[in-house]
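What follows is a single structure, written as structure tokens, with notes after it.
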Amino acid sequence: MSELDIQIPTAFDPFAEANAEDSGAGSKDYVHIRIQQRNGRKSLTTVQGLRKEFSYNKILKDLKKEFCCNGTVVQDPELGQVIQLQGDQRKNVSTFLVQAGIVKKEDIKIHGF
């Protein structure tokens, strides 16, 4: 019986690689621009992932003036500060952030529809 090779199955984590990539110190931080459907034709555009050193209120003020829409900065416990704008402003916000030099084009992820 001692000559039999008994293999005890080890715990295999299929998500170990994905978790290691997400939690790495050199992981890439993206700016996520999403749309949230409200009721009917109404929608919200949310911007999250901007660096902490930027003044969210000044960015919001320029976005509101540029796109003639209302907006606010919301404090989320998980996501931090999130900019919310009225209407579907995804393309406008992404071009604004790139032209203002706040983010590079390859660091922006646009979600929705």
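Each chain of the structure tokens is named A, B, ... in the order shown, its residues numbered from 1; ligands are numbered from 1 in display order.
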Residues within 12 Å of Asn92 in chain A, please, as a PDB file with all heavy atoms, in the first residue's frame. Count only C-alpha atoms; anything in the same chain fewer than 2 positions from it doesn't count.
ATOM      1  N   ILE A  33     -16.548  56.025 -17.518  1.00  0.00           N
ATOM      2  CA  ILE A  33     -17.661  56.919 -17.851  1.00  0.00           C
ATOM      3  C   ILE A  33     -18.855  56.021 -18.173  1.00  0.00           C
ATOM      4  O   ILE A  33     -18.808  55.241 -19.121  1.00  0.00           O
ATOM      5  CB  ILE A  33     -17.312  57.825 -19.048  1.00  0.00           C
ATOM      6  CG1 ILE A  33     -16.071  58.651 -18.728  1.00  0.00           C
ATOM      7  CG2 ILE A  33     -18.491  58.720 -19.387  1.00  0.00           C
ATOM      8  CD1 ILE A  33     -15.565  59.471 -19.882  1.00  0.00           C
ATOM      9  N   THR A  45     -25.085  60.558 -16.570  1.00  0.00           N
ATOM     10  CA  THR A  45     -23.733  60.155 -16.937  1.00  0.00           C
ATOM     11  C   THR A  45     -22.873  60.263 -15.688  1.00  0.00           C
ATOM     12  O   THR A  45     -22.876  61.298 -15.024  1.00  0.00           O
ATOM     13  CB  THR A  45     -23.167  61.071 -18.034  1.00  0.00           C
ATOM     14  OG1 THR A  45     -24.029  61.015 -19.173  1.00  0.00           O
ATOM     15  CG2 THR A  45     -21.776  60.633 -18.437  1.00  0.00           C
ATOM     16  N   VAL A  47     -18.979  59.790 -13.906  1.00  0.00           N
ATOM     17  CA  VAL A  47     -17.534  59.753 -14.162  1.00  0.00           C
ATOM     18  C   VAL A  47     -16.861  59.381 -12.851  1.00  0.00           C
ATOM     19  O   VAL A  47     -17.011  60.080 -11.856  1.00  0.00           O
ATOM     20  CB  VAL A  47     -17.017  61.129 -14.650  1.00  0.00           C
ATOM     21  CG1 VAL A  47     -15.537  61.061 -14.932  1.00  0.00           C
ATOM     22  CG2 VAL A  47     -17.784  61.594 -15.866  1.00  0.00           C
ATOM     23  N   LEU A  63     -17.505  71.299 -16.826  1.00  0.00           N
ATOM     24  CA  LEU A  63     -18.353  70.385 -17.594  1.00  0.00           C
ATOM     25  C   LEU A  63     -19.770  70.931 -17.727  1.00  0.00           C
ATOM     26  O   LEU A  63     -20.358  70.891 -18.810  1.00  0.00           O
ATOM     27  CB  LEU A  63     -18.395  69.005 -16.924  1.00  0.00           C
ATOM     28  CG  LEU A  63     -17.139  68.150 -17.019  1.00  0.00           C
ATOM     29  CD1 LEU A  63     -17.255  66.929 -16.118  1.00  0.00           C
ATOM     30  CD2 LEU A  63     -16.885  67.725 -18.444  1.00  0.00           C
ATOM     31  N   LYS A  64     -20.301  71.466 -16.639  1.00  0.00           N
ATOM     32  CA  LYS A  64     -21.656  72.009 -16.674  1.00  0.00           C
ATOM     33  C   LYS A  64     -21.756  73.201 -17.613  1.00  0.00           C
ATOM     34  O   LYS A  64     -22.715  73.330 -18.379  1.00  0.00           O
ATOM     35  CB  LYS A  64     -22.089  72.420 -15.262  1.00  0.00           C
ATOM     36  CG  LYS A  64     -22.420  71.244 -14.367  1.00  0.00           C
ATOM     37  CD  LYS A  64     -22.547  71.586 -12.900  1.00  0.00           C
ATOM     38  CE  LYS A  64     -23.440  72.720 -12.585  1.00  0.00           C
ATOM     39  NZ  LYS A  64     -23.635  72.912 -11.128  1.00  0.00           N
ATOM     40  N   GLU A  66     -19.710  73.859 -20.173  1.00  0.00           N
ATOM     41  CA  GLU A  66     -19.407  73.440 -21.545  1.00  0.00           C
ATOM     42  C   GLU A  66     -20.596  72.755 -22.217  1.00  0.00           C
ATOM     43  O   GLU A  66     -20.883  72.993 -23.384  1.00  0.00           O
ATOM     44  CB  GLU A  66     -18.206  72.487 -21.522  1.00  0.00           C
ATOM     45  CG  GLU A  66     -17.744  72.012 -22.869  1.00  0.00           C
ATOM     46  CD  GLU A  66     -16.933  73.052 -23.614  1.00  0.00           C
ATOM     47  OE1 GLU A  66     -16.395  73.979 -22.961  1.00  0.00           O
ATOM     48  OE2 GLU A  66     -16.852  72.935 -24.841  1.00  0.00           O
ATOM     49  N   PHE A  67     -21.297  71.887 -21.463  1.00  0.00           N
ATOM     50  CA  PHE A  67     -22.343  71.056 -22.071  1.00  0.00           C
ATOM     51  C   PHE A  67     -23.754  71.509 -21.732  1.00  0.00           C
ATOM     52  O   PHE A  67     -24.723  70.836 -22.110  1.00  0.00           O
ATOM     53  CB  PHE A  67     -22.168  69.593 -21.657  1.00  0.00           C
ATOM     54  CG  PHE A  67     -20.792  69.074 -21.922  1.00  0.00           C
ATOM     55  CD1 PHE A  67     -20.110  68.367 -20.955  1.00  0.00           C
ATOM     56  CD2 PHE A  67     -20.155  69.305 -23.129  1.00  0.00           C
ATOM     57  CE1 PHE A  67     -18.839  67.887 -21.188  1.00  0.00           C
ATOM     58  CE2 PHE A  67     -18.883  68.832 -23.364  1.00  0.00           C
ATOM     59  CZ  PHE A  67     -18.224  68.125 -22.395  1.00  0.00           C
ATOM     60  N   CYS A  68     -23.896  72.629 -21.037  1.00  0.00           N
ATOM     61  CA  CYS A  68     -25.218  73.182 -20.695  1.00  0.00           C
ATOM     62  C   CYS A  68     -26.112  72.132 -20.025  1.00  0.00           C
ATOM     63  O   CYS A  68     -27.233  71.864 -20.474  1.00  0.00           O
ATOM     64  CB  CYS A  68     -25.917  73.740 -21.938  1.00  0.00           C
ATOM     65  SG  CYS A  68     -25.010  75.061 -22.714  1.00  0.00           S
ATOM     66  N   CYS A  69     -25.578  71.505 -18.986  1.00  0.00           N
ATOM     67  CA  CYS A  69     -26.354  70.527 -18.242  1.00  0.00           C
ATOM     68  C   CYS A  69     -26.063  70.708 -16.756  1.00  0.00           C
ATOM     69  O   CYS A  69     -25.098  71.371 -16.385  1.00  0.00           O
ATOM     70  CB  CYS A  69     -26.019  69.103 -18.675  1.00  0.00           C
ATOM     71  SG  CYS A  69     -24.339  68.609 -18.289  1.00  0.00           S
ATOM     72  N   LEU A  85     -23.693  63.805 -14.193  1.00  0.00           N
ATOM     73  CA  LEU A  85     -24.196  64.835 -15.104  1.00  0.00           C
ATOM     74  C   LEU A  85     -25.535  64.387 -15.668  1.00  0.00           C
ATOM     75  O   LEU A  85     -25.764  63.190 -15.877  1.00  0.00           O
ATOM     76  CB  LEU A  85     -23.218  65.057 -16.264  1.00  0.00           C
ATOM     77  CG  LEU A  85     -21.859  65.619 -15.903  1.00  0.00           C
ATOM     78  CD1 LEU A  85     -20.927  65.525 -17.100  1.00  0.00           C
ATOM     79  CD2 LEU A  85     -21.987  67.045 -15.449  1.00  0.00           C
ATOM     80  N   GLY A  87     -28.214  63.743 -18.529  1.00  0.00           N
ATOM     81  CA  GLY A  87     -28.206  63.417 -19.949  1.00  0.00           C
ATOM     82  C   GLY A  87     -27.066  62.494 -20.332  1.00  0.00           C
ATOM     83  O   GLY A  87     -26.223  62.137 -19.522  1.00  0.00           O
ATOM     84  N   ASP A  88     -27.062  62.095 -21.595  1.00  0.00           N
ATOM     85  CA  ASP A  88     -26.025  61.212 -22.126  1.00  0.00           C
ATOM     86  C   ASP A  88     -24.856  62.067 -22.605  1.00  0.00           C
ATOM     87  O   ASP A  88     -24.847  62.562 -23.728  1.00  0.00           O
ATOM     88  CB  ASP A  88     -26.598  60.369 -23.270  1.00  0.00           C
ATOM     89  CG  ASP A  88     -25.619  59.337 -23.781  1.00  0.00           C
ATOM     90  OD1 ASP A  88     -24.524  59.226 -23.203  1.00  0.00           O
ATOM     91  OD2 ASP A  88     -25.943  58.642 -24.757  1.00  0.00           O
ATOM     92  N   GLN A  89     -23.853  62.227 -21.770  1.00  0.00           N
ATOM     93  CA  GLN A  89     -22.707  63.086 -22.069  1.00  0.00           C
ATOM     94  C   GLN A  89     -21.410  62.265 -22.196  1.00  0.00           C
ATOM     95  O   GLN A  89     -20.331  62.810 -22.029  1.00  0.00           O
ATOM     96  CB  GLN A  89     -22.535  64.130 -20.958  1.00  0.00           C
ATOM     97  CG  GLN A  89     -23.758  64.938 -20.641  1.00  0.00           C
ATOM     98  CD  GLN A  89     -24.107  65.928 -21.736  1.00  0.00           C
ATOM     99  OE1 GLN A  89     -23.288  66.237 -22.588  1.00  0.00           O
ATOM    100  NE2 GLN A  89     -25.325  66.416 -21.711  1.00  0.00           N
ATOM    101  N   ARG A  90     -21.510  60.976 -22.488  1.00  0.00           N
ATOM    102  CA  ARG A  90     -20.325  60.113 -22.461  1.00  0.00           C
ATOM    103  C   ARG A  90     -19.250  60.567 -23.435  1.00  0.00           C
ATOM    104  O   ARG A  90     -18.089  60.726 -23.060  1.00  0.00           O
ATOM    105  CB  ARG A  90     -20.715  58.661 -22.772  1.00  0.00           C
ATOM    106  CG  ARG A  90     -21.519  58.018 -21.666  1.00  0.00           C
ATOM    107  CD  ARG A  90     -22.003  56.667 -22.075  1.00  0.00           C
ATOM    108  NE  ARG A  90     -22.977  56.812 -23.148  1.00  0.00           N
ATOM    109  CZ  ARG A  90     -23.489  55.825 -23.839  1.00  0.00           C
ATOM    110  NH1 ARG A  90     -23.130  54.603 -23.585  1.00  0.00           N
ATOM    111  NH2 ARG A  90     -24.371  56.033 -24.790  1.00  0.00           N
ATOM    112  N   SER A  94     -15.597  62.429 -22.405  1.00  0.00           N
ATOM    113  CA  SER A  94     -14.313  61.800 -22.748  1.00  0.00           C
ATOM    114  C   SER A  94     -13.441  62.753 -23.570  1.00  0.00           C
ATOM    115  O   SER A  94     -12.243  62.888 -23.297  1.00  0.00           O
ATOM    116  CB  SER A  94     -14.529  60.490 -23.493  1.00  0.00           C
ATOM    117  OG  SER A  94     -15.130  60.718 -24.735  1.00  0.00           O
ATOM    118  N   THR A  95     -14.023  63.452 -24.549  1.00  0.00           N
ATOM    119  CA  THR A  95     -13.224  64.394 -25.335  1.00  0.00           C
ATOM    120  C   THR A  95     -12.777  65.580 -24.480  1.00  0.00           C
ATOM    121  O   THR A  95     -11.661  66.064 -24.627  1.00  0.00           O
ATOM    122  CB  THR A  95     -14.007  64.904 -26.563  1.00  0.00           C
ATOM    123  OG1 THR A  95     -15.242  65.472 -26.129  1.00  0.00           O
ATOM    124  CG2 THR A  95     -14.264  63.788 -27.548  1.00  0.00           C
ATOM    125  N   PHE A  96     -13.630  66.027 -23.563  1.00  0.00           N
ATOM    126  CA  PHE A  96     -13.271  67.138 -22.675  1.00  0.00           C
ATOM    127  C   PHE A  96     -12.086  66.759 -21.788  1.00  0.00           C
ATOM    128  O   PHE A  96     -11.141  67.537 -21.638  1.00  0.00           O
ATOM    129  CB  PHE A  96     -14.475  67.536 -21.811  1.00  0.00           C
ATOM    130  CG  PHE A  96     -14.166  68.616 -20.820  1.00  0.00           C
ATOM    131  CD1 PHE A  96     -14.205  69.947 -21.184  1.00  0.00           C
ATOM    132  CD2 PHE A  96     -13.822  68.301 -19.515  1.00  0.00           C
ATOM    133  CE1 PHE A  96     -13.920  70.948 -20.269  1.00  0.00           C
ATOM    134  CE2 PHE A  96     -13.529  69.296 -18.597  1.00  0.00           C
ATOM    135  CZ  PHE A  96     -13.583  70.617 -18.982  1.00  0.00           C
ATOM    136  N   LEU A  97     -12.121  65.577 -21.183  1.00  0.00           N
ATOM    137  CA  LEU A  97     -11.053  65.152 -20.284  1.00  0.00           C
ATOM    138  C   LEU A  97      -9.722  64.997 -21.023  1.00  0.00           C
ATOM    139  O   LEU A  97      -8.667  65.311 -20.485  1.00  0.00           O
ATOM    140  CB  LEU A  97     -11.426  63.837 -19.589  1.00  0.00           C
ATOM    141  CG  LEU A  97     -12.578  63.913 -18.589  1.00  0.00           C
ATOM    142  CD1 LEU A  97     -12.914  62.528 -18.063  1.00  0.00           C
ATOM    143  CD2 LEU A  97     -12.268  64.859 -17.450  1.00  0.00           C
ATOM    144  N   VAL A  98      -9.782  64.542 -22.274  1.00  0.00           N
ATOM    145  CA  VAL A  98      -8.555  64.382 -23.061  1.00  0.00           C
ATOM    146  C   VAL A  98      -8.014  65.750 -23.474  1.00  0.00           C
ATOM    147  O   VAL A  98      -6.809  66.022 -23.347  1.00  0.00           O
ATOM    148  CB  VAL A  98      -8.813  63.492 -24.299  1.00  0.00           C
ATOM    149  CG1 VAL A  98      -7.627  63.504 -25.229  1.00  0.00           C
ATOM    150  CG2 VAL A  98      -9.116  62.070 -23.859  1.00  0.00           C
ATOM    151  N   GLN A  99      -8.879  66.640 -23.944  1.00  0.00           N
ATOM    152  CA  GLN A  99      -8.430  67.961 -24.386  1.00  0.00           C
ATOM    153  C   GLN A  99      -7.918  68.813 -23.235  1.00  0.00           C
ATOM    154  O   GLN A  99      -6.997  69.604 -23.409  1.00  0.00           O
ATOM    155  CB  GLN A  99      -9.569  68.693 -25.110  1.00  0.00           C
ATOM    156  CG  GLN A  99      -9.853  68.129 -26.478  1.00  0.00           C
ATOM    157  CD  GLN A  99     -11.009  68.830 -27.167  1.00  0.00           C
ATOM    158  OE1 GLN A  99     -11.694  69.649 -26.560  1.00  0.00           O
ATOM    159  NE2 GLN A  99     -11.228  68.491 -28.427  1.00  0.00           N
ATOM    160  N   ILE A 110     -15.446  53.720 -21.639  1.00  0.00           N
ATOM    161  CA  ILE A 110     -16.810  54.185 -21.778  1.00  0.00           C
ATOM    162  C   ILE A 110     -17.724  52.966 -21.735  1.00  0.00           C
ATOM    163  O   ILE A 110     -17.541  52.016 -22.485  1.00  0.00           O
ATOM    164  CB  ILE A 110     -17.017  54.970 -23.089  1.00  0.00           C
ATOM    165  CG1 ILE A 110     -16.121  56.205 -23.091  1.00  0.00           C
ATOM    166  CG2 ILE A 110     -18.466  55.365 -23.260  1.00  0.00           C
ATOM    167  CD1 ILE A 110     -16.198  57.032 -24.346  1.00  0.00           C
TER     168      ILE A 110
END
Mind checking which residues fall within 8 Å of Gln36 in chain A, counting only C-alpha atoms, ignoring those fewer than 3 positions away in the same chain, and posting them as a PyMOL selection string? chain A and resi 43-46+112
Write the selection just made, keeping all heavy atoms, as a compact mmCIF listing (two decimals), in the first residue's frame?
# COMPACT_ATOMS: atom_id res chain seq x y z
N SER A 43 -31.60 60.24 -18.35
CA SER A 43 -30.43 59.43 -18.03
C SER A 43 -29.40 60.28 -17.29
O SER A 43 -29.45 61.50 -17.30
CB SER A 43 -29.82 58.85 -19.30
OG SER A 43 -29.41 59.88 -20.16
N LEU A 44 -28.47 59.58 -16.63
CA LEU A 44 -27.37 60.20 -15.90
C LEU A 44 -26.07 59.69 -16.49
O LEU A 44 -25.94 58.52 -16.82
CB LEU A 44 -27.40 59.81 -14.43
CG LEU A 44 -28.38 60.48 -13.50
CD1 LEU A 44 -28.26 59.85 -12.12
CD2 LEU A 44 -28.11 61.95 -13.42
N THR A 45 -25.09 60.56 -16.57
CA THR A 45 -23.73 60.16 -16.94
C THR A 45 -22.87 60.26 -15.69
O THR A 45 -22.88 61.30 -15.02
CB THR A 45 -23.17 61.07 -18.03
OG1 THR A 45 -24.03 61.01 -19.17
CG2 THR A 45 -21.78 60.63 -18.44
N THR A 46 -22.16 59.18 -15.34
CA THR A 46 -21.30 59.20 -14.16
C THR A 46 -19.85 59.05 -14.59
O THR A 46 -19.53 58.31 -15.52
CB THR A 46 -21.66 58.06 -13.19
OG1 THR A 46 -21.50 56.82 -13.85
CG2 THR A 46 -23.07 58.20 -12.68
N GLY A 112 -21.85 51.31 -21.35
CA GLY A 112 -23.28 51.54 -21.59
C GLY A 112 -23.68 51.31 -23.03
O GLY A 112 -22.90 51.48 -23.95
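One finds CA of Tyr30 in chain A at 24.2 Å from CA of Asn70 in chain A.
Nearest residue to Lys52 in chain A, choosing from A:Val82, A:Asn39, A:His32, A:Gly71 and counting only C-alpha atoms: A:Val82.
Comparing A:Leu79, A:Phe113, A:Val73, A:Lys105 by their smallest distance to Ser55 in chain A, the closest is A:Val73 (using only C-alpha atoms).
CA of Thr72 in chain A lies 14.2 Å from CA of Val93 in chain A.
The shortest atom-to-atom distance to Gln81 in chain A, with only C-alpha atoms taken into account, belongs to A:Arg51 out of A:Asp62, A:Ile102, A:Ile108, A:Arg51.
For the set A:Ile35, A:Val74, A:Ile83, A:Ile59, the residue with the smallest atom-to-atom gap to Gly101 in chain A is A:Ile59, counting only C-alpha atoms.
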Which residue is closest to Gln37 in chain A? Choose from A:Gln86, A:Val103, A:Asp76, A:Lys58 and count only C-alpha atoms. A:Gln86
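Using only C-alpha atoms, the nearest neighbour of Glu78 in chain A within the list A:Arg41, A:Gln48, A:Lys104, A:Lys109 is A:Gln48.
Of note, CA of Pro77 in chain A and CA of Arg34 in chain A are spaced 17.9 Å apart.
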